[in-house]
Amino acid sequence: MKRKIFIYNFLLLVTFFAFPKDIQQEWQSEVYPLIGTDEGLFQLNEGILLPLWTGAGVQKIIFSDRYYLLTNKGIVASDDLHFFEFRNVGLPVHTIKHYDSFGKKLSFAQKELKDLKAHPQRPEILVTASLNSVFLSRDSGRHWTDLGFGSSISGLKCVAVADLPDGNGGTQLVVFLSHAIQGLSYMLPDSNNPNWIKLSAGFKIPSGTSCVDEIADILPVVKKDEDGNEFTDVYIGLSFSPGIYKLNWKSKRVQLLWTEDEKNHTVESMVSLGDRILYLKRGGFSSFSAATGADLGTPNFVHRWLAYNEEKPKYPNCAYFTENIDGKSYPITLSELWLLTPDEIRTKYREAAINRKCIYIPAGQSYGEQLERHLQTVENNGLNGIVIDMKDDLGMIRFDARTPAVVEKDAVSRYAVTLDPFVKKMKQRGIYLIARVVVFKDKKLYYYKDGMYAIKDSNTGKQWQGIKRYKKTYDETGKVIGKIPEYYDEYWVDPYCEEVWAYNAAVAQELIERGFDEIQFDYIRFPTDGWNLANASYTWHEKGMNRESALISFLYHARENIDAPIGIDIYGSNGWYRSGIRTGQDAELLSKYVDVICPMFYPSHFEQDFLAHEPAEDRTYRIYYMGGYRNCMVVHNRAVIRPWIQTFSLPVAYDRKYYGKEYVRKEILGVRDSLNVGYMYWNNSGRYDEVFPDFGNKNEVYTHNGKIDLSNTD
């Protein structure tokens with residue numbers, strides 16, 4: 001992959017330097033489209049790409065008093081597209097731990113920034129945001145001030161800054177943010193007591209949920225009244241459902257301008273074109289009237305621009321150009337350009353990992369009649385793969401390991417699969433083999449060498465284990481005399497520990513070398529349960545690291561050592577919301593290091609009234625239909641979204657009433673009608689009475705009592 005990128009950049013440089021300097025200067029001084037990719041910034045003229053800067057991947061390009069780039073290494077500024085300068089003073093950094101045969105070393109990287117906006121009237125004022133904090137600059141990005149946010153839950157998506165009326169005939173500086181769960185908030189940074197204030201009045205709460213849907217973009221637009229006085233309108237677009245709002249600043253209330261019946265929709269990358277607002281959606285562009293909200297379709301110049309850019313880079317992230325409309329020049333800033341080609345999943349291993357439809361098999365059922373029964377289930381239902389434990393929930397290695405670094409931990413089960421004949425048999429049957437490797441929940445490693453790898457209890461100094469409840473104790477008369485803890489049957493090792501990373505990567509590497517097609521890391525997260533969770537202490541933690549950087553560091557190490565598709569299992573909520581709540585599983589961040597993301601959208605695990613409006617029996621369809629789309633949007637299509645299908649029942653209200661074949665059938669149909677790139681059935685005991693033949697063609701009509709009713713899911 002690195003060699004291909006080098007050759008690609010080399011050819012572009014040859015193209016660039018083949019032109020005389022005066023022609024290069026002429027092209028760069030004209031307003032030809034600027035294109036941002038993972039390789040850097042390019043200028044495009046009649047299908048010819050000119051590399052301008054290759055110092056980082058570029059996600060967004062804006063122009064105010066100069067050019068600014070939002071990159072994977074922070075903010076970059078340029079006056080002339082010749083000289084580029086990082087402007088990151090005051091912006092947050094990750095501490096990343098690297099580990100190889102030479103030992104560990106630490107590096108520092110700018111934390112991912114979610115958005116970049118300039119003040120529409122005062123171009124030196126900029127605003128950006130990390131996962132959980134907003135940053136303001138008043139000097140063209142030379143220095144940034146942390147405005148915080150005030151929530152321990154990460155999930156910021158976009159920001160904006162503008163001058164709005166102060167109620168006394170003047171204006172005041174206002175900064176806006178959107179949060180994946182908490183919606184829209186604003187701050188008056190120049191007030192005596194600046195703090196974030198939630199603004200929720202007027203937003204439509206989706207049926208069956210309890211919060212405003214995520215906001216994708218906030219666009220302040222400067223206009224003039226009849227007397228020539230400037231004022232600013234603020235427009236708001238939604239990430240996952242059709243919705244465009246306009247803010248009434250005086251009443252602190254939004255008004256819905258536009259919506260439609262389509263349930264999965266995106267309003268991203270909004271641009272003002274006078275009385276029209278252009279926006280990007282999945283599969284193309286559209287626009288709406290700023291006055292009425294009427295849908296105006298795609299402007300003609302967009303069709304021309306798309307045709308002009310037929311030779312654009314394979315994976316453009318963003319673009320900037322100007323367009324003359326009715327005698328006025330408009331700057332066009334477009335980001336999230338992957339939306340134009342939504343079927344191009346941006347991973348090296350796409351072809352291997354896509355359209356895999358599997359069942360999970362416990363390792364103890366990998367031989368004899370039980371294995372034959374599972375293979376028959378796969379073949380009878382048009383499936384093509386299995387997921388099998390190769391390192392289980394107790395940390396036991398379930399194959400005949402040979403790698404010394406694996407064998408020395410003394411964790412190979414006496415029931416281990418003899419791998420070579422097993423793999424041969426699977427290949428003969430055309431089965432795609434996925435090895436499930438449980439990472440940080442590991443009882444065997446928890447006790448290894450007196451618990452050297454275990455999470456520690458800060459009170460006792462011993463291994464930490466989550467307390468489930470306290471049980472009262474009684475004397476012989478029945479009087480309560482005390483209480484003793486009951487623990488969860490979970491044993492966690494330290495996610496910051498590089499030796500734990502290396503051990504799990506070695507397990508995965510051997511499995512790939514011996515014939516498995518894909519690795520699936522499970523329990524790649526921090527513990528979430530226990531009355532004593534606050535006592536969990538991490539011996540291997542390095543200063544400056546957090547939960548996200550721990551998981552990034554592990555996956556970076558795994559990616560360096562595994563030449564095959566890597567998948568990760570994540571909580572359903574971490575696929576539904578742009579947040580790594582409690583677990584560190586921020587799917588947006590982790591998608592850069594993996595090829596497959598497997599959200600557990602189990603209906604039993606959500607609140608029982610979540611999306612359970614009438615007809616309530618369609619709830620399982622809604623969760624998978626909407627969840628797949630949301631997860632895809634969160635990761636910018638950088639990974640295959642292959643959800644786990646709930647094929648089991650729990651003693652919760654919804655399952656007790658509805659679980660059965662129709663429950664599972666609607667889960668599969670929801671996947672098919674959303675992304676349709678694969679799924680996996682999960683039943684912990686390997687019982688699959690509710691499995692259905694794969695529905696295959698997306699054009700098949702789903703009928704149940706006539707049709708699926710989604711009328712109340714907007």
# chains A, B, ... in the order shown; residues from 1 in each chain; ligands from 1

$ select_by_dssp --residues "region 403-516 of chain A" --states "helix (DSSP H, G or I)" --output "NGL selection string"
:A and (404-407 or 419-428 or 443-447 or 498-513)

$ closest_atom_pairs --of "region 614-648 of chain A" --to "region 352-358 of chain A" --cutoff "10 Å" --atoms "only C-alpha atoms" --output "tab-separated table"
residue	atom	partner	partner_atom	distance
A:Ala639	CA	A:Ala353	CA	9.4
A:Val640	CA	A:Ile354	CA	6.5
A:Ile641	CA	A:Ile354	CA	8.8
A:Arg642	CA	A:Arg356	CA	8.1
A:Pro643	CA	A:Lys357	CA	9.9
A:Trp644	CA	A:Cys358	CA	9.4
A:Ile645	CA	A:Cys358	CA	9.9

$ write_last_selection --atoms "N, CA, C and O atoms" --output "short mmCIF file (atom, residue, chain, number, x, y, z; two decimals), in the first residue's frame"
data_model
loop_
_atom_site.label_atom_id
_atom_site.label_comp_id
_atom_site.auth_asym_id
_atom_site.auth_seq_id
_atom_site.Cartn_x
_atom_site.Cartn_y
_atom_site.Cartn_z
N ALA A 639 -14.95 1.63 6.61
CA ALA A 639 -14.95 0.22 7.02
C ALA A 639 -16.27 -0.42 6.60
O ALA A 639 -17.29 0.25 6.44
N VAL A 640 -16.23 -1.73 6.43
CA VAL A 640 -17.44 -2.51 6.18
C VAL A 640 -18.24 -2.57 7.48
O VAL A 640 -17.69 -2.93 8.53
N ILE A 641 -19.51 -2.18 7.43
CA ILE A 641 -20.37 -2.29 8.62
C ILE A 641 -21.12 -3.61 8.52
O ILE A 641 -22.00 -3.79 7.70
N ARG A 642 -20.73 -4.55 9.38
CA ARG A 642 -21.30 -5.90 9.38
C ARG A 642 -21.88 -6.18 10.76
O ARG A 642 -21.18 -6.66 11.66
N PRO A 643 -23.16 -5.89 10.98
CA PRO A 643 -23.72 -6.00 12.34
C PRO A 643 -23.95 -7.44 12.79
O PRO A 643 -24.16 -8.34 11.98
N TRP A 644 -23.93 -7.61 14.09
CA TRP A 644 -24.36 -8.85 14.71
C TRP A 644 -25.88 -8.88 14.79
O TRP A 644 -26.52 -7.89 15.17
N ILE A 645 -26.47 -10.00 14.44
CA ILE A 645 -27.92 -10.18 14.48
C ILE A 645 -28.28 -10.93 15.76
O ILE A 645 -27.74 -12.00 16.04
#

$ residues_around --residues "region 585-589 of chain A" --least-positions-apart "6" --cutoff "6 Å" --atoms "only C-alpha atoms" --output "number ranges by chain"
A: 579, 634-635

$ select_by_dssp --residues "region 265-411 of chain A" --states "strand (DSSP E)" --output "ChimeraX atom specification"
/A:268-273,276-281,284-289,318-325,328-334,356-361,385-391,397-399

$ atom_distance --atom1 "CA of Asn574 (chain A)" --atom2 "CA of Phe601 (chain A)"
9.5 Å

$ closest_residue --among "A:Leu445, A:Arg578, A:Lys409, A:Ala506" --to "Leu131 (chain A)" --atoms "only C-alpha atoms"
A:Arg578

$ closest_residue --among "A:Tyr629, A:Tyr67, A:Tyr688, A:Tyr577" --to "Tyr320 (chain A)" --atoms "only C-alpha atoms"
A:Tyr67

$ atom_distance --atom1 "CA of Val412 (chain A)" --atom2 "CA of Met390 (chain A)"
9.9 Å

$ residues_around --residues "region 364-379 of chain A" --least-positions-apart "2" --cutoff "10 Å" --atoms "only C-alpha atoms" --output "PyMOL selection string"
chain A and resi 357-362+381-386+388-389+398+415-418+422+426+429-431+685-689+691-694

$ residues_around --residues "region 341-347 of chain A" --least-positions-apart "6" --cutoff "6 Å" --atoms "only C-alpha atoms" --output "number ranges by chain"
A: 595, 637-638

$ write_last_selection --atoms "N, CA and C atoms" --output "PDB file, in the first residue's frame"
ATOM      1  N   ASP A 595     -10.880  -2.750   9.236  1.00  0.00           N
ATOM      2  CA  ASP A 595     -11.554  -2.920   7.952  1.00  0.00           C
ATOM      3  C   ASP A 595     -13.032  -3.260   8.108  1.00  0.00           C
ATOM      4  N   ASN A 637     -17.569   5.762   5.860  1.00  0.00           N
ATOM      5  CA  ASN A 637     -17.460   4.663   4.900  1.00  0.00           C
ATOM      6  C   ASN A 637     -16.049   4.095   4.799  1.00  0.00           C
ATOM      7  N   ARG A 638     -15.273   4.204   5.853  1.00  0.00           N
ATOM      8  CA  ARG A 638     -13.896   3.690   5.847  1.00  0.00           C
ATOM      9  C   ARG A 638     -13.827   2.217   6.241  1.00  0.00           C
TER      10      ARG A 638
END

$ closest_residue --among "A:Ile434, A:Met626, A:Ala653, A:Ile325" --to "Lys263 (chain A)" --atoms "only C-alpha atoms"
A:Met626

$ residues_around --residues "Arg514 (chain A)" --least-positions-apart "5" --cutoff "9 Å" --atoms "only C-alpha atoms" --output "compact mmCIF listing (two decimals) with N, CA, C and O atoms, in the first residue's frame"
# COMPACT_ATOMS: atom_id res chain seq x y z
N LEU A 419 -5.83 -27.27 14.14
CA LEU A 419 -6.21 -26.22 13.20
C LEU A 419 -6.07 -26.63 11.73
O LEU A 419 -6.96 -26.35 10.92
N ASP A 420 -4.98 -27.27 11.37
CA ASP A 420 -4.70 -27.50 9.95
C ASP A 420 -5.80 -28.31 9.26
O ASP A 420 -6.31 -27.89 8.20
N VAL A 423 -9.07 -26.09 9.09
CA VAL A 423 -9.03 -25.04 8.07
C VAL A 423 -9.18 -25.65 6.68
O VAL A 423 -9.92 -25.13 5.83
N GLN A 509 -1.92 -13.13 14.41
CA GLN A 509 -0.98 -13.32 13.30
C GLN A 509 -0.82 -14.81 12.96
O GLN A 509 -0.82 -15.20 11.79

$ residues_around --residues "Asp517 (chain A)" --least-positions-apart "5" --cutoff "9 Å" --atoms "only C-alpha atoms" --output "ChimeraX atom specification"
/A:352-353,432-435,511-512,564-565

$ closest_atom_pairs --of "region 128-204 of chain A" --to "region 98-116 of chain A" --cutoff "8 Å" --atoms "only C-alpha atoms" --output "tab-separated table"
residue	atom	partner	partner_atom	distance
A:Thr128	CA	A:Leu116	CA	4.7
A:Ala129	CA	A:Leu113	CA	5.4
A:Ser130	CA	A:Leu113	CA	4.6
A:Leu131	CA	A:Lys114	CA	7.2
A:Leu156	CA	A:Lys114	CA	7.2
A:Lys157	CA	A:Lys114	CA	5.8
A:Cys158	CA	A:Asp115	CA	5.3
A:Val159	CA	A:Asp115	CA	6.4
A:Ala160	CA	A:Leu116	CA	7.9

$ atom_distance --atom1 "CA of Ser591 (chain A)" --atom2 "CA of Phe440 (chain A)"
18.9 Å

$ closest_residue --among "A:Gly584, A:Gly169, A:Gly228, A:Gly327" --to "Tyr523 (chain A)" --atoms "only C-alpha atoms"
A:Gly584

$ closest_residue --among "A:Arg656, A:Lys441, A:Lys424, A:His265" --to "Met396 (chain A)" --atoms "only C-alpha atoms"
A:Lys441

$ closest_residue --among "A:Glu518, A:Glu548, A:Glu542, A:Asp139" --to "Ile562 (chain A)" --atoms "only C-alpha atoms"
A:Glu518

$ closest_atom_pairs --of "region 335-369 of chain A" --to "region 40-58 of chain A" --cutoff "12 Å" --atoms "only C-alpha atoms" --output "tab-separated table"
residue	atom	partner	partner_atom	distance
A:Ser335	CA	A:Val58	CA	9.8
A:Glu336	CA	A:Val58	CA	10.9
A:Leu337	CA	A:Val58	CA	11.7

$ decode --residues "region 491-506 of chain A" --atoms "all heavy atoms" --output "tab-separated table (two decimals), in the first residue's frame"
chain	number	residue	atom	x	y	z
A	491	TYR	N	-12.97	-10.78	34.09
A	491	TYR	CA	-11.61	-10.59	34.55
A	491	TYR	C	-10.87	-9.77	33.49
A	491	TYR	O	-10.63	-10.26	32.38
A	491	TYR	CB	-10.93	-11.95	34.78
A	491	TYR	CG	-11.68	-12.81	35.76
A	491	TYR	CD1	-12.76	-13.60	35.34
A	491	TYR	CD2	-11.33	-12.83	37.11
A	491	TYR	CE1	-13.46	-14.38	36.25
A	491	TYR	CE2	-12.04	-13.61	38.02
A	491	TYR	CZ	-13.10	-14.38	37.59
A	491	TYR	OH	-13.79	-15.16	38.48
A	492	TRP	N	-10.52	-8.55	33.85
A	492	TRP	CA	-10.02	-7.60	32.85
A	492	TRP	C	-8.52	-7.36	33.01
A	492	TRP	O	-8.01	-7.16	34.11
A	492	TRP	CB	-10.75	-6.27	33.00
A	492	TRP	CG	-12.17	-6.34	32.54
A	492	TRP	CD1	-13.26	-6.73	33.27
A	492	TRP	CD2	-12.65	-6.05	31.23
A	492	TRP	NE1	-14.40	-6.69	32.50
A	492	TRP	CE2	-14.06	-6.27	31.24
A	492	TRP	CE3	-12.05	-5.61	30.05
A	492	TRP	CZ2	-14.85	-6.07	30.12
A	492	TRP	CZ3	-12.84	-5.40	28.94
A	492	TRP	CH2	-14.22	-5.63	28.97
A	493	VAL	N	-7.84	-7.35	31.85
A	493	VAL	CA	-6.43	-6.96	31.83
A	493	VAL	C	-6.33	-5.52	31.34
A	493	VAL	O	-7.27	-4.96	30.79
A	493	VAL	CB	-5.59	-7.92	30.96
A	493	VAL	CG1	-5.57	-9.30	31.59
A	493	VAL	CG2	-6.12	-7.97	29.53
A	494	ASP	N	-5.18	-4.94	31.54
A	494	ASP	CA	-4.97	-3.50	31.34
A	494	ASP	C	-4.91	-3.16	29.85
A	494	ASP	O	-3.98	-3.57	29.15
A	494	ASP	CB	-3.67	-3.10	32.02
A	494	ASP	CG	-3.52	-1.60	32.18
A	494	ASP	OD1	-4.07	-0.87	31.33
A	494	ASP	OD2	-2.84	-1.16	33.12
A	495	PRO	N	-5.87	-2.39	29.33
A	495	PRO	CA	-5.84	-2.03	27.90
A	495	PRO	C	-4.68	-1.12	27.51
A	495	PRO	O	-4.41	-0.95	26.32
A	495	PRO	CB	-7.18	-1.30	27.70
A	495	PRO	CG	-8.06	-1.79	28.80
A	495	PRO	CD	-7.13	-1.96	29.96
A	496	TYR	N	-3.99	-0.55	28.49
A	496	TYR	CA	-2.82	0.28	28.19
A	496	TYR	C	-1.53	-0.54	28.07
A	496	TYR	O	-0.48	0.00	27.73
A	496	TYR	CB	-2.60	1.32	29.30
A	496	TYR	CG	-3.66	2.38	29.38
A	496	TYR	CD1	-4.66	2.32	30.35
A	496	TYR	CD2	-3.66	3.47	28.50
A	496	TYR	CE1	-5.63	3.31	30.44
A	496	TYR	CE2	-4.63	4.45	28.59
A	496	TYR	CZ	-5.61	4.38	29.56
A	496	TYR	OH	-6.58	5.36	29.66
A	497	CYS	N	-1.62	-1.84	28.33
A	497	CYS	CA	-0.41	-2.67	28.43
A	497	CYS	C	0.06	-3.14	27.06
A	497	CYS	O	-0.62	-3.93	26.39
A	497	CYS	CB	-0.68	-3.87	29.33
A	497	CYS	SG	0.74	-4.96	29.47
A	498	GLU	N	1.24	-2.73	26.65
A	498	GLU	CA	1.78	-3.09	25.34
A	498	GLU	C	2.09	-4.58	25.23
A	498	GLU	O	2.04	-5.15	24.13
A	498	GLU	CB	3.04	-2.27	25.03
A	498	GLU	CG	4.19	-2.44	25.99
A	498	GLU	CD	4.16	-1.46	27.16
A	498	GLU	OE1	3.08	-0.90	27.44
A	498	GLU	OE2	5.22	-1.28	27.80
A	499	GLU	N	2.38	-5.24	26.34
A	499	GLU	CA	2.65	-6.68	26.29
A	499	GLU	C	1.35	-7.46	26.05
A	499	GLU	O	1.36	-8.51	25.40
A	499	GLU	CB	3.35	-7.12	27.57
A	499	GLU	CG	4.75	-6.52	27.69
A	499	GLU	CD	5.49	-6.98	28.94
A	499	GLU	OE1	5.05	-7.99	29.56
A	499	GLU	OE2	6.50	-6.35	29.28
A	500	VAL	N	0.25	-6.96	26.55
A	500	VAL	CA	-1.06	-7.56	26.25
A	500	VAL	C	-1.38	-7.39	24.77
A	500	VAL	O	-1.88	-8.30	24.11
A	500	VAL	CB	-2.16	-6.93	27.14
A	500	VAL	CG1	-3.54	-7.41	26.69
A	500	VAL	CG2	-1.93	-7.29	28.61
A	501	TRP	N	-1.08	-6.20	24.23
A	501	TRP	CA	-1.30	-5.98	22.79
A	501	TRP	C	-0.51	-6.99	21.96
A	501	TRP	O	-1.04	-7.60	21.04
A	501	TRP	CB	-0.84	-4.58	22.37
A	501	TRP	CG	-1.40	-3.44	23.14
A	501	TRP	CD1	-2.50	-3.43	23.94
A	501	TRP	CD2	-0.85	-2.12	23.19
A	501	TRP	NE1	-2.68	-2.18	24.48
A	501	TRP	CE2	-1.69	-1.36	24.04
A	501	TRP	CE3	0.24	-1.51	22.60
A	501	TRP	CZ2	-1.45	-0.01	24.30
A	501	TRP	CZ3	0.49	-0.17	22.85
A	501	TRP	CH2	-0.35	0.57	23.70
A	502	ALA	N	0.79	-7.12	22.30
A	502	ALA	CA	1.66	-7.98	21.51
A	502	ALA	C	1.19	-9.44	21.56
A	502	ALA	O	1.25	-10.16	20.56
A	502	ALA	CB	3.10	-7.86	22.01
A	503	TYR	N	0.73	-9.87	22.73
A	503	TYR	CA	0.25	-11.23	22.89
A	503	TYR	C	-0.96	-11.48	21.99
A	503	TYR	O	-1.03	-12.47	21.25
A	503	TYR	CB	-0.10	-11.46	24.36
A	503	TYR	CG	-0.79	-12.76	24.67
A	503	TYR	CD1	-0.24	-13.99	24.33
A	503	TYR	CD2	-2.02	-12.76	25.34
A	503	TYR	CE1	-0.87	-15.18	24.64
A	503	TYR	CE2	-2.67	-13.95	25.66
A	503	TYR	CZ	-2.09	-15.15	25.30
A	503	TYR	OH	-2.72	-16.33	25.61
A	504	ASN	N	-1.94	-10.60	22.03
A	504	ASN	CA	-3.14	-10.78	21.21
A	504	ASN	C	-2.83	-10.65	19.72
A	504	ASN	O	-3.41	-11.38	18.90
A	504	ASN	CB	-4.21	-9.77	21.63
A	504	ASN	CG	-4.91	-10.17	22.91
A	504	ASN	OD1	-5.80	-11.00	22.90
A	504	ASN	ND2	-4.48	-9.59	24.02
A	505	ALA	N	-1.93	-9.76	19.37
A	505	ALA	CA	-1.54	-9.64	17.96
A	505	ALA	C	-0.82	-10.90	17.49
A	505	ALA	O	-1.00	-11.34	16.34
A	505	ALA	CB	-0.65	-8.42	17.76
A	506	ALA	N	-0.03	-11.52	18.36
A	506	ALA	CA	0.67	-12.76	17.99
A	506	ALA	C	-0.33	-13.89	17.77
A	506	ALA	O	-0.17	-14.71	16.85
A	506	ALA	CB	1.68	-13.13	19.09
